[in-house]
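A.B. asks: The structure file upload_30.pdb (PDB, C-alpha atoms) is provided below.
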MODEL        1
ATOM      1  CA  MET A   1      45.111  -4.706 -66.150  1.00  0.00           C
ATOM      2  CA  LYS A   2      42.662  -6.952 -64.340  1.00  0.00           C
ATOM      3  CA  ILE A   3      44.499  -6.369 -61.069  1.00  0.00           C
ATOM      4  CA  GLN A   4      44.435  -2.593 -61.586  1.00  0.00           C
ATOM      5  CA  ALA A   5      40.714  -2.728 -62.342  1.00  0.00           C
ATOM      6  CA  LYS A   6      40.057  -4.681 -59.165  1.00  0.00           C
ATOM      7  CA  VAL A   7      42.095  -2.207 -57.123  1.00  0.00           C
ATOM      8  CA  PHE A   8      40.224   0.708 -58.700  1.00  0.00           C
ATOM      9  CA  ASN A   9      36.842  -0.889 -57.944  1.00  0.00           C
ATOM     10  CA  ALA A  10      37.828  -1.568 -54.326  1.00  0.00           C
ATOM     11  CA  VAL A  11      38.959   2.014 -53.814  1.00  0.00           C
ATOM     12  CA  SER A  12      35.758   3.344 -55.391  1.00  0.00           C
ATOM     13  CA  THR A  13      33.635   1.168 -53.114  1.00  0.00           C
ATOM     14  CA  LEU A  14      35.560   2.362 -50.050  1.00  0.00           C
ATOM     15  CA  ILE A  15      35.026   6.002 -51.011  1.00  0.00           C
ATOM     16  CA  VAL A  16      31.280   5.451 -51.407  1.00  0.00           C
ATOM     17  CA  LEU A  17      31.050   3.693 -48.036  1.00  0.00           C
ATOM     18  CA  CYS A  18      33.002   6.470 -46.357  1.00  0.00           C
ATOM     19  CA  GLY A  19      30.600   8.971 -47.880  1.00  0.00           C
ATOM     20  CA  PHE A  20      27.633   7.143 -46.315  1.00  0.00           C
ATOM     21  CA  CYS A  21      29.397   7.017 -42.958  1.00  0.00           C
ATOM     22  CA  PHE A  22      30.139  10.736 -42.921  1.00  0.00           C
ATOM     23  CA  SER A  23      26.616  11.612 -44.051  1.00  0.00           C
ATOM     24  CA  GLY A  24      25.211   9.464 -41.237  1.00  0.00           C
ATOM     25  CA  CYS A  25      27.412  11.198 -38.677  1.00  0.00           C
ATOM     26  CA  GLU A  26      26.205  14.728 -39.337  1.00  0.00           C
ATOM     27  CA  LEU A  27      25.278  16.687 -36.235  1.00  0.00           C
ATOM     28  CA  ASP A  28      21.620  16.547 -35.171  1.00  0.00           C
ATOM     29  CA  ASN A  29      20.394  20.118 -35.584  1.00  0.00           C
ATOM     30  CA  TYR A  30      16.899  19.620 -34.149  1.00  0.00           C
ATOM     31  CA  ASP A  31      15.930  21.809 -31.188  1.00  0.00           C
ATOM     32  CA  ALA A  32      15.695  20.092 -27.812  1.00  0.00           C
ATOM     33  CA  PRO A  33      12.353  20.008 -25.924  1.00  0.00           C
ATOM     34  CA  ASN A  34      11.858  23.438 -24.406  1.00  0.00           C
ATOM     35  CA  ALA A  35       8.576  23.315 -22.490  1.00  0.00           C
ATOM     36  CA  THR A  36       7.068  21.663 -19.419  1.00  0.00           C
ATOM     37  CA  LEU A  37       3.535  20.432 -18.782  1.00  0.00           C
ATOM     38  CA  THR A  38       2.397  20.039 -15.183  1.00  0.00           C
ATOM     39  CA  GLY A  39      -0.955  19.596 -13.518  1.00  0.00           C
ATOM     40  CA  ARG A  40      -3.313  17.317 -11.616  1.00  0.00           C
ATOM     41  CA  LEU A  41      -6.230  15.037 -12.247  1.00  0.00           C
ATOM     42  CA  LEU A  42      -8.952  16.652 -10.141  1.00  0.00           C
ATOM     43  CA  ASP A  43     -12.095  14.901  -8.953  1.00  0.00           C
ATOM     44  CA  SER A  44     -14.893  16.971 -10.494  1.00  0.00           C
ATOM     45  CA  GLU A  45     -17.074  16.473  -7.410  1.00  0.00           C
ATOM     46  CA  THR A  46     -14.655  16.889  -4.512  1.00  0.00           C
ATOM     47  CA  ASN A  47     -12.146  19.159  -6.306  1.00  0.00           C
ATOM     48  CA  GLU A  48      -9.340  17.060  -4.795  1.00  0.00           C
ATOM     49  CA  ALA A  49      -6.527  15.347  -6.669  1.00  0.00           C
ATOM     50  CA  MET A  50      -7.540  11.842  -7.693  1.00  0.00           C
ATOM     51  CA  PRO A  51      -5.410   9.075  -6.138  1.00  0.00           C
ATOM     52  CA  THR A  52      -4.062   6.518  -8.577  1.00  0.00           C
ATOM     53  CA  GLN A  53      -1.028   4.250  -8.990  1.00  0.00           C
ATOM     54  CA  THR A  54       2.161   4.626 -10.996  1.00  0.00           C
ATOM     55  CA  PRO A  55       2.920   3.201 -13.391  1.00  0.00           C
ATOM     56  CA  ASN A  56      -0.090   1.485 -14.976  1.00  0.00           C
ATOM     57  CA  GLY A  57      -2.597   3.787 -13.332  1.00  0.00           C
ATOM     58  CA  ALA A  58      -3.819   6.907 -15.112  1.00  0.00           C
ATOM     59  CA  ARG A  59      -1.888   8.289 -18.083  1.00  0.00           C
ATOM     60  CA  ILE A  60      -1.858  11.598 -19.902  1.00  0.00           C
ATOM     61  CA  ARG A  61      -1.994  11.476 -23.702  1.00  0.00           C
ATOM     62  CA  ILE A  62      -0.953  14.530 -25.746  1.00  0.00           C
ATOM     63  CA  TYR A  63      -1.348  14.982 -29.498  1.00  0.00           C
ATOM     64  CA  GLU A  64       0.668  17.674 -31.256  1.00  0.00           C
ATOM     65  CA  PHE A  65      -0.771  19.996 -33.895  1.00  0.00           C
ATOM     66  CA  TYR A  66       1.901  19.945 -36.604  1.00  0.00           C
ATOM     67  CA  LYS A  67       1.812  21.087 -40.233  1.00  0.00           C
ATOM     68  CA  ASP A  68      -1.889  21.965 -39.975  1.00  0.00           C
ATOM     69  CA  GLU A  69      -3.027  18.593 -38.658  1.00  0.00           C
ATOM     70  CA  TRP A  70      -3.212  16.639 -35.416  1.00  0.00           C
ATOM     71  CA  SER A  71      -0.717  13.844 -34.941  1.00  0.00           C
ATOM     72  CA  LEU A  72      -2.211  10.358 -34.942  1.00  0.00           C
ATOM     73  CA  GLN A  73       0.312   8.965 -32.463  1.00  0.00           C
ATOM     74  CA  PRO A  74       0.022  10.345 -28.904  1.00  0.00           C
ATOM     75  CA  TYR A  75       2.885  10.976 -26.518  1.00  0.00           C
ATOM     76  CA  ASP A  76       1.969   9.248 -23.231  1.00  0.00           C
ATOM     77  CA  PHE A  77       3.230   9.585 -19.666  1.00  0.00           C
ATOM     78  CA  TRP A  78       1.974   8.343 -16.305  1.00  0.00           C
ATOM     79  CA  VAL A  79       0.177  10.292 -13.615  1.00  0.00           C
ATOM     80  CA  LYS A  80       1.814  10.106 -10.179  1.00  0.00           C
ATOM     81  CA  GLN A  81       0.271   8.282  -7.237  1.00  0.00           C
ATOM     82  CA  ASP A  82      -1.060  11.522  -5.734  1.00  0.00           C
ATOM     83  CA  GLY A  83      -2.851  12.521  -8.946  1.00  0.00           C
ATOM     84  CA  SER A  84      -0.252  15.032 -10.129  1.00  0.00           C
ATOM     85  CA  PHE A  85       1.708  14.849 -13.368  1.00  0.00           C
ATOM     86  CA  GLU A  86       4.775  16.509 -14.893  1.00  0.00           C
ATOM     87  CA  ASN A  87       6.567  16.241 -18.214  1.00  0.00           C
ATOM     88  CA  ARG A  88       9.665  18.379 -18.790  1.00  0.00           C
ATOM     89  CA  SER A  89      10.328  17.086 -22.318  1.00  0.00           C
ATOM     90  CA  VAL A  90       7.634  18.814 -24.353  1.00  0.00           C
ATOM     91  CA  PHE A  91       8.225  20.856 -27.499  1.00  0.00           C
ATOM     92  CA  ALA A  92       6.508  24.245 -27.422  1.00  0.00           C
ATOM     93  CA  GLY A  93       3.397  24.183 -29.574  1.00  0.00           C
ATOM     94  CA  LYS A  94      -0.320  23.468 -29.746  1.00  0.00           C
ATOM     95  CA  TYR A  95      -1.643  20.240 -28.250  1.00  0.00           C
ATOM     96  CA  ARG A  96      -4.796  18.218 -27.758  1.00  0.00           C
ATOM     97  CA  ILE A  97      -4.689  16.616 -24.303  1.00  0.00           C
ATOM     98  CA  THR A  98      -6.701  13.789 -22.839  1.00  0.00           C
ATOM     99  CA  ALA A  99      -6.245  11.115 -20.169  1.00  0.00           C
ATOM    100  CA  GLU A 100      -7.094   7.473 -19.535  1.00  0.00           C
ATOM    101  CA  GLY A 101      -7.768   5.850 -16.183  1.00  0.00           C
ATOM    102  CA  ALA A 102     -10.494   4.748 -13.791  1.00  0.00           C
ATOM    103  CA  PHE A 103     -12.787   7.624 -14.700  1.00  0.00           C
ATOM    104  CA  ALA A 104     -15.397   8.568 -17.282  1.00  0.00           C
ATOM    105  CA  ALA A 105     -14.285   9.681 -20.737  1.00  0.00           C
ATOM    106  CA  PHE A 106     -14.231  13.445 -21.342  1.00  0.00           C
ATOM    107  CA  ASP A 107     -13.717  15.852 -24.218  1.00  0.00           C
ATOM    108  CA  PRO A 108     -10.020  16.510 -24.987  1.00  0.00           C
ATOM    109  CA  VAL A 109      -8.542  19.852 -23.978  1.00  0.00           C
ATOM    110  CA  GLU A 110      -6.798  21.954 -26.642  1.00  0.00           C
ATOM    111  CA  THR A 111      -4.104  24.327 -25.412  1.00  0.00           C
ATOM    112  CA  ASP A 112      -0.809  25.977 -26.326  1.00  0.00           C
ATOM    113  CA  ILE A 113       2.210  24.879 -24.321  1.00  0.00           C
ATOM    114  CA  SER A 114       5.289  27.061 -23.893  1.00  0.00           C
ATOM    115  CA  GLY A 115       7.610  27.621 -20.953  1.00  0.00           C
ATOM    116  CA  THR A 116       5.863  25.913 -18.028  1.00  0.00           C
ATOM    117  CA  LYS A 117       2.181  25.198 -18.576  1.00  0.00           C
ATOM    118  CA  ASN A 118       0.034  24.179 -15.597  1.00  0.00           C
ATOM    119  CA  LEU A 119      -3.148  22.353 -16.533  1.00  0.00           C
ATOM    120  CA  ASP A 120      -5.593  20.745 -14.101  1.00  0.00           C
ATOM    121  CA  ILE A 121      -7.864  18.165 -15.733  1.00  0.00           C
ATOM    122  CA  ARG A 122     -11.246  17.505 -14.129  1.00  0.00           C
ATOM    123  CA  VAL A 123     -12.474  13.924 -14.250  1.00  0.00           C
ATOM    124  CA  THR A 124     -15.307  11.872 -12.779  1.00  0.00           C
ATOM    125  CA  PRO A 125     -13.842   8.803 -11.023  1.00  0.00           C
ATOM    126  CA  TYR A 126     -15.790   5.586 -11.354  1.00  0.00           C
ATOM    127  CA  LEU A 127     -15.393   4.970  -7.615  1.00  0.00           C
ATOM    128  CA  ARG A 128     -14.355   6.864  -4.496  1.00  0.00           C
ATOM    129  CA  LEU A 129     -12.962   5.093  -1.445  1.00  0.00           C
ATOM    130  CA  SER A 130     -12.431   6.000   2.192  1.00  0.00           C
ATOM    131  CA  ILE A 131     -10.169   3.956   4.457  1.00  0.00           C
ATOM    132  CA  ASN A 132      -9.745   3.431   8.180  1.00  0.00           C
ATOM    133  CA  ALA A 133      -6.826   1.569   9.769  1.00  0.00           C
ATOM    134  CA  VAL A 134      -6.685   0.101  13.282  1.00  0.00           C
ATOM    135  CA  PRO A 135      -3.309  -1.346  14.330  1.00  0.00           C
ATOM    136  CA  GLY A 136      -3.396  -4.429  16.529  1.00  0.00           C
ATOM    137  CA  ALA A 137      -0.981  -6.380  18.688  1.00  0.00           C
ATOM    138  CA  GLY A 138       1.086  -9.199  17.280  1.00  0.00           C
ATOM    139  CA  GLY A 139       1.838  -7.656  13.911  1.00  0.00           C
ATOM    140  CA  GLU A 140      -1.587  -7.075  12.437  1.00  0.00           C
ATOM    141  CA  VAL A 141      -3.712  -4.216  11.168  1.00  0.00           C
ATOM    142  CA  THR A 142      -7.441  -4.156  10.443  1.00  0.00           C
ATOM    143  CA  LEU A 143      -8.481  -2.083   7.451  1.00  0.00           C
ATOM    144  CA  SER A 144     -12.000  -1.010   6.545  1.00  0.00           C
ATOM    145  CA  ALA A 145     -13.344   0.919   3.582  1.00  0.00           C
ATOM    146  CA  GLN A 146     -16.530   2.268   2.099  1.00  0.00           C
ATOM    147  CA  VAL A 147     -17.064   2.661  -1.624  1.00  0.00           C
ATOM    148  CA  SER A 148     -19.206   5.157  -3.498  1.00  0.00           C
ATOM    149  CA  ARG A 149     -19.720   5.106  -7.251  1.00  0.00           C
ATOM    150  CA  SER A 150     -20.577   7.619  -9.948  1.00  0.00           C
ATOM    151  CA  ALA A 151     -23.733   7.187 -12.006  1.00  0.00           C
ATOM    152  CA  ASN A 152     -21.821   5.973 -15.084  1.00  0.00           C
ATOM    153  CA  ALA A 153     -19.479   3.564 -13.260  1.00  0.00           C
ATOM    154  CA  PRO A 154     -19.159   0.016 -14.623  1.00  0.00           C
ATOM    155  CA  LYS A 155     -19.832  -3.055 -12.471  1.00  0.00           C
ATOM    156  CA  ILE A 156     -17.620  -3.267  -9.356  1.00  0.00           C
ATOM    157  CA  ARG A 157     -15.638  -6.514  -9.401  1.00  0.00           C
ATOM    158  CA  THR A 158     -13.053  -6.392  -6.614  1.00  0.00           C
ATOM    159  CA  ILE A 159     -12.221  -4.532  -3.424  1.00  0.00           C
ATOM    160  CA  THR A 160      -8.568  -4.654  -2.385  1.00  0.00           C
ATOM    161  CA  PHE A 161      -6.606  -3.778   0.748  1.00  0.00           C
ATOM    162  CA  VAL A 162      -2.837  -3.383   0.475  1.00  0.00           C
ATOM    163  CA  CYS A 163      -0.017  -2.758   2.956  1.00  0.00           C
ATOM    164  CA  ALA A 164       3.529  -1.688   2.021  1.00  0.00           C
ATOM    165  CA  LYS A 165       6.727  -0.609   3.734  1.00  0.00           C
ATOM    166  CA  THR A 166       6.962   2.589   1.680  1.00  0.00           C
ATOM    167  CA  PRO A 167       4.396   5.279   0.798  1.00  0.00           C
ATOM    168  CA  TYR A 168       4.094   3.658  -2.647  1.00  0.00           C
ATOM    169  CA  ALA A 169       1.395   1.035  -2.293  1.00  0.00           C
ATOM    170  CA  ASP A 170      -1.026  -0.385  -4.841  1.00  0.00           C
ATOM    171  CA  LYS A 171      -2.297  -3.700  -6.198  1.00  0.00           C
ATOM    172  CA  ASN A 172       1.186  -4.441  -7.564  1.00  0.00           C
ATOM    173  CA  VAL A 173       3.340  -3.003  -4.758  1.00  0.00           C
ATOM    174  CA  PHE A 174       2.701  -4.477  -1.321  1.00  0.00           C
ATOM    175  CA  VAL A 175       3.968  -6.755   1.437  1.00  0.00           C
ATOM    176  CA  LYS A 176       0.473  -7.882   2.393  1.00  0.00           C
ATOM    177  CA  LYS A 177      -2.720  -7.823   0.374  1.00  0.00           C
ATOM    178  CA  SER A 178      -6.331  -8.946   0.679  1.00  0.00           C
ATOM    179  CA  ASP A 179      -8.773  -9.143  -2.249  1.00  0.00           C
ATOM    180  CA  ILE A 180     -12.538  -9.352  -1.775  1.00  0.00           C
ATOM    181  CA  ASP A 181     -14.474 -10.673  -4.759  1.00  0.00           C
ATOM    182  CA  VAL A 182     -17.750  -8.740  -5.126  1.00  0.00           C
ATOM    183  CA  ASN A 183     -18.465  -9.821  -8.673  1.00  0.00           C
ATOM    184  CA  SER A 184     -21.727 -11.500  -7.675  1.00  0.00           C
ATOM    185  CA  VAL A 185     -22.868  -8.652  -5.407  1.00  0.00           C
ATOM    186  CA  GLY A 186     -25.030  -5.841  -6.757  1.00  0.00           C
ATOM    187  CA  ASP A 187     -23.435  -2.392  -6.813  1.00  0.00           C
ATOM    188  CA  ASP A 188     -26.244  -0.884  -4.722  1.00  0.00           C
ATOM    189  CA  GLU A 189     -25.497  -3.417  -2.003  1.00  0.00           C
ATOM    190  CA  ILE A 190     -21.728  -2.845  -2.255  1.00  0.00           C
ATOM    191  CA  VAL A 191     -21.981   0.900  -1.659  1.00  0.00           C
ATOM    192  CA  SER A 192     -24.242   0.340   1.338  1.00  0.00           C
ATOM    193  CA  LYS A 193     -21.673  -1.797   3.149  1.00  0.00           C
ATOM    194  CA  THR A 194     -18.382  -1.352   4.963  1.00  0.00           C
ATOM    195  CA  TYR A 195     -15.791  -3.899   3.851  1.00  0.00           C
ATOM    196  CA  SER A 196     -12.875  -4.908   6.040  1.00  0.00           C
ATOM    197  CA  ALA A 197      -9.850  -7.189   6.178  1.00  0.00           C
ATOM    198  CA  THR A 198      -7.218  -7.972   8.808  1.00  0.00           C
ATOM    199  CA  LEU A 199      -3.671  -8.236   7.488  1.00  0.00           C
ATOM    200  CA  THR A 200      -1.426 -10.406   9.673  1.00  0.00           C
ATOM    201  CA  GLY A 201       2.213 -11.448   9.736  1.00  0.00           C
ATOM    202  CA  LEU A 202       3.541  -7.886   9.889  1.00  0.00           C
ATOM    203  CA  THR A 203       6.486  -6.761  12.004  1.00  0.00           C
ATOM    204  CA  PRO A 204       5.611  -5.151  15.359  1.00  0.00           C
ATOM    205  CA  ASN A 205       6.999  -1.694  16.140  1.00  0.00           C
ATOM    206  CA  THR A 206       7.182  -0.899  12.430  1.00  0.00           C
ATOM    207  CA  THR A 207       5.617   1.806  10.270  1.00  0.00           C
ATOM    208  CA  TYR A 208       3.530   0.666   7.306  1.00  0.00           C
ATOM    209  CA  TYR A 209       1.485   2.385   4.617  1.00  0.00           C
ATOM    210  CA  VAL A 210      -1.976   1.154   3.709  1.00  0.00           C
ATOM    211  CA  ARG A 211      -4.706   1.958   1.240  1.00  0.00           C
ATOM    212  CA  ALA A 212      -7.873   0.528  -0.258  1.00  0.00           C
ATOM    213  CA  GLY A 213      -8.553   0.015  -3.930  1.00  0.00           C
ATOM    214  CA  ALA A 214     -11.471  -1.139  -6.043  1.00  0.00           C
ATOM    215  CA  PHE A 215     -11.853  -2.315  -9.603  1.00  0.00           C
ATOM    216  CA  ALA A 216     -14.877  -1.373 -11.685  1.00  0.00           C
ATOM    217  CA  ASP A 217     -14.856  -3.218 -15.008  1.00  0.00           C
ATOM    218  CA  ASN A 218     -12.969  -1.169 -17.622  1.00  0.00           C
ATOM    219  CA  PRO A 219     -10.810  -2.056 -20.659  1.00  0.00           C
ATOM    220  CA  GLY A 220      -7.578  -0.750 -19.132  1.00  0.00           C
ATOM    221  CA  SER A 221      -8.064  -2.657 -15.844  1.00  0.00           C
ATOM    222  CA  HIS A 222      -7.522   0.610 -13.949  1.00  0.00           C
ATOM    223  CA  TYR A 223      -8.230   0.737 -10.210  1.00  0.00           C
ATOM    224  CA  ASN A 224      -9.640   3.523  -8.071  1.00  0.00           C
ATOM    225  CA  TYR A 225      -7.878   4.097  -4.748  1.00  0.00           C
ATOM    226  CA  SER A 226      -8.180   5.745  -1.381  1.00  0.00           C
ATOM    227  CA  LYS A 227      -5.453   8.001  -0.082  1.00  0.00           C
ATOM    228  CA  ILE A 228      -2.390   6.460   1.586  1.00  0.00           C
ATOM    229  CA  VAL A 229      -2.587   6.132   5.381  1.00  0.00           C
ATOM    230  CA  GLU A 230       0.486   5.720   7.583  1.00  0.00           C
ATOM    231  CA  VAL A 231       0.163   3.138  10.369  1.00  0.00           C
ATOM    232  CA  LYS A 232       2.592   2.500  13.239  1.00  0.00           C
ATOM    233  CA  LEU A 233       2.222  -0.990  14.676  1.00  0.00           C
ATOM    234  CA  PRO A 234       2.762  -1.407  18.452  1.00  0.00           C
TER     235      PRO A 234
ENDMDL
END
Could you take the file, read its structure, and then write that structure out as structure tokens?
C.D. replies:
Amino acid sequence: MKIQAKVFNAVSTLIVLCGFCFSGCELDNYDAPNATLTGRLLDSETNEAMPTQTPNGARIRIYEFYKDEWSLQPYDFWVKQDGSFENRSVFAGKYRITAEGAFAAFDPVETDISGTKNLDIRVTPYLRLSINAVPGAGGEVTLSAQVSRSANAPKIRTITFVCAKTPYADKNVFVKKSDIDVNSVGDDEIVSKTYSATLTGLTPNTTYYVRAGAFADNPGSHYNYSKIVEVKLP
């Protein structure tokens, strides 16, 4: 009898476990994402797309309105280097949208998203940079930049010049880089100057991509950037 009882208990346990397995293998009947959000971060002064870096540059944060309340956890995705963004995995619905980067905080935008929604977000960059590149003989290029700042920009700490072999260049992606510490220089003096650096040790008769960046103190350590410039060394 004891053996039969043990067999019965084993069979019963197996049936219960099988029941859990089958219940865990039910088909997922949730709808797939069915909407797309696209747009650009636009400089509110120049009306041009704001250059950044990707990843770890500017990011879009969207909060869904669900069951009569806003979600507490945002869905984040990065802005592209040219200031544009695209997310093809959005569920149709109502959203509160904001962004984080090297620009002043702004009021979130509330909008409905269905199909393909295009949304340009206007921001005020902390800094704006121009860049000039002069190729030289012997595998070098001289870069110069001027910096302007918005009224609410934090203290400028660093000016950076970067050079890469692809059009994707930033403080983390480069073959040559030069940092200029301006931490002890007043911002009024910084914006009145032209800063320059000569990057050496490059390969002659080669195309490179250069840009300038600058860091104004902010919690996310986000940089402002110039546009990318293509340079062909002699």
A.B. asks: Please write the residues picked by the PyMOL selection byres ((chain A and resi 53-66) around 8) on this file as a CSV table (one decimal) with C-alpha atoms, in the frame of the given file.
C.D. replies:
chain,number,residue,atom,x,y,z
A,51,PRO,CA,-5.4,9.1,-6.1
A,52,THR,CA,-4.1,6.5,-8.6
A,67,LYS,CA,1.8,21.1,-40.2
A,68,ASP,CA,-1.9,22.0,-40.0
A,69,GLU,CA,-3.0,18.6,-38.7
A,70,TRP,CA,-3.2,16.6,-35.4
A,71,SER,CA,-0.7,13.8,-34.9
A,72,LEU,CA,-2.2,10.4,-34.9
A,73,GLN,CA,0.3,9.0,-32.5
A,74,PRO,CA,0.0,10.3,-28.9
A,75,TYR,CA,2.9,11.0,-26.5
A,76,ASP,CA,2.0,9.2,-23.2
A,77,PHE,CA,3.2,9.6,-19.7
A,78,TRP,CA,2.0,8.3,-16.3
A,79,VAL,CA,0.2,10.3,-13.6
A,80,LYS,CA,1.8,10.1,-10.2
A,81,GLN,CA,0.3,8.3,-7.2
A,82,ASP,CA,-1.1,11.5,-5.7
A,93,GLY,CA,3.4,24.2,-29.6
A,94,LYS,CA,-0.3,23.5,-29.7
A,95,TYR,CA,-1.6,20.2,-28.2
A,96,ARG,CA,-4.8,18.2,-27.8
A,97,ILE,CA,-4.7,16.6,-24.3
A,98,THR,CA,-6.7,13.8,-22.8
A,99,ALA,CA,-6.2,11.1,-20.2
A,100,GLU,CA,-7.1,7.5,-19.5
A,101,GLY,CA,-7.8,5.8,-16.2
A,102,ALA,CA,-10.5,4.7,-13.8
A,169,ALA,CA,1.4,1.0,-2.3
A,170,ASP,CA,-1.0,-0.4,-4.8
A,222,HIS,CA,-7.5,0.6,-13.9
A,223,TYR,CA,-8.2,0.7,-10.2
A.B. asks: In terms of the shortest atom-to-atom distance over all atoms listed in the file, which of A:Val90, A:Gly83, A:Lys165, A:Lys155 is closest to Asn34 in chain A?
C.D. replies: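 Under the stated criterion, the closest residue is A:Val90.
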A.B. asks: Record the distance separating CA of Asp120 in chain A and CA of Lys171 in chain A, expressed in Å with one decimal.
C.D. replies: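 Rounded to one decimal, the two atoms are 25.9 Å apart.
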A.B. asks: Given the choices A:Leu127, A:Ala214, A:Ala197, A:Val134, which gets closest to Ser178 in chain A if the distance is worked out from all atoms listed in the file?
C.D. replies: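 For Ser178 in chain A, the nearest of the candidates is A:Ala197.
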A.B. asks: Which is closest to Leu119 in chain A among A:Asn172, A:Ser226, A:Thr38, A:Gln146, if we use all atoms listed in the file?
C.D. replies: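 With all atoms listed in the file as the atom set, the closest residue is A:Thr38.
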A.B. asks: Go through A:Thr158, A:Thr203, A:Thr124, A:Asn118 one by one, measure the shortest atom-to-atom distance of each to Ile190 in chain A using only C-alpha atoms, and give the residue with the smallest value.
C.D. replies: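 With only C-alpha atoms as the atom set, the closest residue is A:Thr158.
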A.B. asks: Starting from the displayed file, determine the output of the PyMOL selection byres ((chain A and resi 199) around 7) and express the residue list as an MDAnalysis selection string.
C.D. replies: chainID A and resid 140:142 176 197:198 200
A.B. asks: Give as a list in words every residue, naming chains and numbers as the document does, that has an atom within 10 Å of (-12.0, 13.7, -6.7), counting all atoms listed in the file.
C.D. replies: Leu41, Leu42, Asp43, Ser44, Glu45, Thr46, Asn47, Glu48, Ala49, Met50, Pro51, Gly83, Arg122, Val123, Thr124, Pro125, Leu127 and Arg128 of chain A
A.B. asks: Only C-alpha atoms, please: the residues just picked out, written as a JSON list (two decimals), keeping the file's coordinate frame.
C.D. replies:
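selection_13.json written:
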[["chain", "number", "residue", "atom", "x", "y", "z"],
["A", 41, "LEU", "CA", -6.23, 15.04, -12.25],
["A", 42, "LEU", "CA", -8.95, 16.65, -10.14],
["A", 43, "ASP", "CA", -12.10, 14.90, -8.95],
["A", 44, "SER", "CA", -14.89, 16.97, -10.49],
["A", 45, "GLU", "CA", -17.07, 16.47, -7.41],
["A", 46, "THR", "CA", -14.66, 16.89, -4.51],
["A", 47, "ASN", "CA", -12.15, 19.16, -6.31],
["A", 48, "GLU", "CA", -9.34, 17.06, -4.80],
["A", 49, "ALA", "CA", -6.53, 15.35, -6.67],
["A", 50, "MET", "CA", -7.54, 11.84, -7.69],
["A", 51, "PRO", "CA", -5.41, 9.07, -6.14],
["A", 83, "GLY", "CA", -2.85, 12.52, -8.95],
["A", 122, "ARG", "CA", -11.25, 17.50, -14.13],
["A", 123, "VAL", "CA", -12.47, 13.92, -14.25],
["A", 124, "THR", "CA", -15.31, 11.87, -12.78],
["A", 125, "PRO", "CA", -13.84, 8.80, -11.02],
["A", 127, "LEU", "CA", -15.39, 4.97, -7.62],
["A", 128, "ARG", "CA", -14.36, 6.86, -4.50]]
A.B. asks: Enumerate, as a PyMOL selection string, the residues matched when the PyMOL selection byres ((chain A and resi 130) around 12) is run on the file above.
C.D. replies: chain A and resi 51+127-129+131-133+143-149+159+161+191+194-196+210-214+224-229
A.B. asks: Calculate how many Å separate CA of Thr111 in chain A from CA of Gly220 in chain A, rounding to one decimal.
C.D. replies: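 These two atoms are separated by 26.1 Å.
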A.B. asks: List the spatial neighbours of Ala153 in chain A as a list of chain:residue names - criterion: any atom at most 6 Å away, all atoms listed in the file, same-chain residues fewer than 2 positions off excluded.
C.D. replies: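 That gives A:Tyr126, A:Ser150, A:Ala151.
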A.B. asks: So the first atom is CA of Ser184 in chain A and the second is CA of Val162 in chain A; what is the distance between them in Å, to one decimal place?
C.D. replies: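 A separation of 22.1 Å between them.
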A.B. asks: Counting only C-alpha atoms, figure out which residue out of A:Thr166, A:Asn218, A:Thr207, A:Asn183 gets nearest to Ala105 in chain A.
C.D. replies: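 Looking only at the distances to Ala105 in chain A, the closest residue turns out to be A:Asn218.
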A.B. asks: Between A:Ser192, A:Asn205, A:Ser221, A:Thr36, which is the closest to Gly115 in chain A once you count all atoms listed in the file?
C.D. replies: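 Smallest distance to Gly115 in chain A is found for A:Thr36.
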